[in-house]
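Notes follow once the structure below has been shown.
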Amino acid sequence: MKLPRDLSGEALATKLGRLGYKQTRQTGSHMRLTRETPESQHHVTIPRHKNLHVGTLNSILVEIADHLQIDRAELLKQIEG
């Protein structure tokens with residue numbers, strides 16, 4: 001599945017909210033999102049840029065997919081739906 005080229009950090013944070021990620025803090029132009037479950041916490045840092053670079057977006061999505069133990073394409077389907 002092809003990555004979106006015009007996704008902002010704010011839009012990505014909103015989409016990740018569907019998976020239970022909530023913004024826990026902001027430092028400068030970066031925000032930290034956290035997903036808490038009874039067993040663990042997962043933190044991810046997202047730049048608050050107008051358009052995320054494709055490599056940055058891919059890195060964030062791969063990290064989240066690894067944590068959730070799903071494929072990156074499946075993760076994209078979940079956050080787009």
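Residue numbering restarts at 1 for every chain of the structure tokens, chains are lettered A, B, ... in their displayed order, and ligands are numbered from 1 as they appear.
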
Apply DSSP to the structure's backbone, then extract all residues of chain A labelled alpha helix (DSSP H) and return them as a ChimeraX atom specification. /A:9-16,54-68,72-80

Take the residues just selected and output them with C-alpha atoms as a PDB file, in the first residue's frame.
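Resulting contents of part-v4.pdb:
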ATOM      1  CA  GLY A   9       1.781  15.403  11.847  1.00  0.00           C
ATOM      2  CA  GLU A  10      -1.523  16.648  13.274  1.00  0.00           C
ATOM      3  CA  ALA A  11      -3.532  14.494  10.864  1.00  0.00           C
ATOM      4  CA  LEU A  12      -1.427  11.425  11.691  1.00  0.00           C
ATOM      5  CA  ALA A  13      -1.943  12.009  15.424  1.00  0.00           C
ATOM      6  CA  THR A  14      -5.707  12.221  14.866  1.00  0.00           C
ATOM      7  CA  LYS A  15      -5.698   8.983  12.864  1.00  0.00           C
ATOM      8  CA  LEU A  16      -3.614   7.211  15.512  1.00  0.00           C
ATOM      9  CA  VAL A  54       7.797   9.743   3.422  1.00  0.00           C
ATOM     10  CA  GLY A  55      10.748   8.174   5.272  1.00  0.00           C
ATOM     11  CA  THR A  56       9.654   9.707   8.576  1.00  0.00           C
ATOM     12  CA  LEU A  57       6.077   8.529   8.093  1.00  0.00           C
ATOM     13  CA  ASN A  58       7.249   5.044   7.135  1.00  0.00           C
ATOM     14  CA  SER A  59       9.479   4.827  10.205  1.00  0.00           C
ATOM     15  CA  ILE A  60       6.626   5.847  12.523  1.00  0.00           C
ATOM     16  CA  LEU A  61       4.211   3.381  10.931  1.00  0.00           C
ATOM     17  CA  VAL A  62       6.705   0.501  11.026  1.00  0.00           C
ATOM     18  CA  GLU A  63       7.371   1.148  14.724  1.00  0.00           C
ATOM     19  CA  ILE A  64       3.648   1.169  15.542  1.00  0.00           C
ATOM     20  CA  ALA A  65       2.963  -1.908  13.395  1.00  0.00           C
ATOM     21  CA  ASP A  66       5.753  -3.781  15.184  1.00  0.00           C
ATOM     22  CA  HIS A  67       4.297  -2.841  18.554  1.00  0.00           C
ATOM     23  CA  LEU A  68       0.798  -3.918  17.526  1.00  0.00           C
ATOM     24  CA  ARG A  72       2.171  -2.015   7.956  1.00  0.00           C
ATOM     25  CA  ALA A  73      -0.453  -2.339   5.205  1.00  0.00           C
ATOM     26  CA  GLU A  74      -2.997  -3.542   7.781  1.00  0.00           C
ATOM     27  CA  LEU A  75      -2.102  -0.580  10.009  1.00  0.00           C
ATOM     28  CA  LEU A  76      -2.701   1.821   7.109  1.00  0.00           C
ATOM     29  CA  LYS A  77      -6.117   0.245   6.500  1.00  0.00           C
ATOM     30  CA  GLN A  78      -7.027   0.645  10.172  1.00  0.00           C
ATOM     31  CA  ILE A  79      -6.052   4.301  10.433  1.00  0.00           C
ATOM     32  CA  GLU A  80      -7.588   5.260   7.080  1.00  0.00           C
TER      33      GLU A  80
END

If you run DSSP on the backbone here, which positions in chain A get strand (DSSP E)? Please write them as a PyMOL selection string. chain A and resi 22-27+30-36+41-47

Please save C-alpha atoms of the selected residues as a PDB file, in the first residue's frame.
ATOM      1  CA  LYS A  22      -3.256  10.100  22.950  1.00  0.00           C
ATOM      2  CA  GLN A  23      -0.977  13.111  22.980  1.00  0.00           C
ATOM      3  CA  THR A  24       0.857  13.168  26.295  1.00  0.00           C
ATOM      4  CA  ARG A  25       3.235  16.069  25.753  1.00  0.00           C
ATOM      5  CA  GLN A  26       4.786  18.450  23.262  1.00  0.00           C
ATOM      6  CA  THR A  27       8.311  19.744  23.086  1.00  0.00           C
ATOM      7  CA  HIS A  30       7.363  17.456  18.193  1.00  0.00           C
ATOM      8  CA  MET A  31       4.521  15.730  19.985  1.00  0.00           C
ATOM      9  CA  ARG A  32       4.628  12.514  21.935  1.00  0.00           C
ATOM     10  CA  LEU A  33       1.737  10.091  21.687  1.00  0.00           C
ATOM     11  CA  THR A  34       1.210   7.242  24.119  1.00  0.00           C
ATOM     12  CA  ARG A  35      -0.920   4.126  23.922  1.00  0.00           C
ATOM     13  CA  GLU A  36      -1.564   2.515  27.280  1.00  0.00           C
ATOM     14  CA  GLN A  41       2.815   1.565  27.299  1.00  0.00           C
ATOM     15  CA  HIS A  42       4.016   2.514  23.848  1.00  0.00           C
ATOM     16  CA  HIS A  43       5.378   5.966  23.047  1.00  0.00           C
ATOM     17  CA  VAL A  44       5.911   7.442  19.604  1.00  0.00           C
ATOM     18  CA  THR A  45       7.220  10.890  18.694  1.00  0.00           C
ATOM     19  CA  ILE A  46       5.726  12.694  15.711  1.00  0.00           C
ATOM     20  CA  PRO A  47       6.972  15.972  14.216  1.00  0.00           C
TER      21      PRO A  47
END

Between CA of Pro4 in chain A and CA of Ser29 in chain A - distance in Å to one decimal: 20.9 Å

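Separating CA of His49 in chain A from CA of Thr37 in chain A is a distance of 28.1 Å.
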
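With only C-alpha atoms as the atoms that count, the residue of A:Ile70, A:Asn51, A:Pro38, A:Gly81 with the shortest distance to Arg5 in chain A is A:Asn51.
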
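Between CA of Ser40 in chain A and CA of Leu3 in chain A the interatomic distance comes to 28.0 Å.
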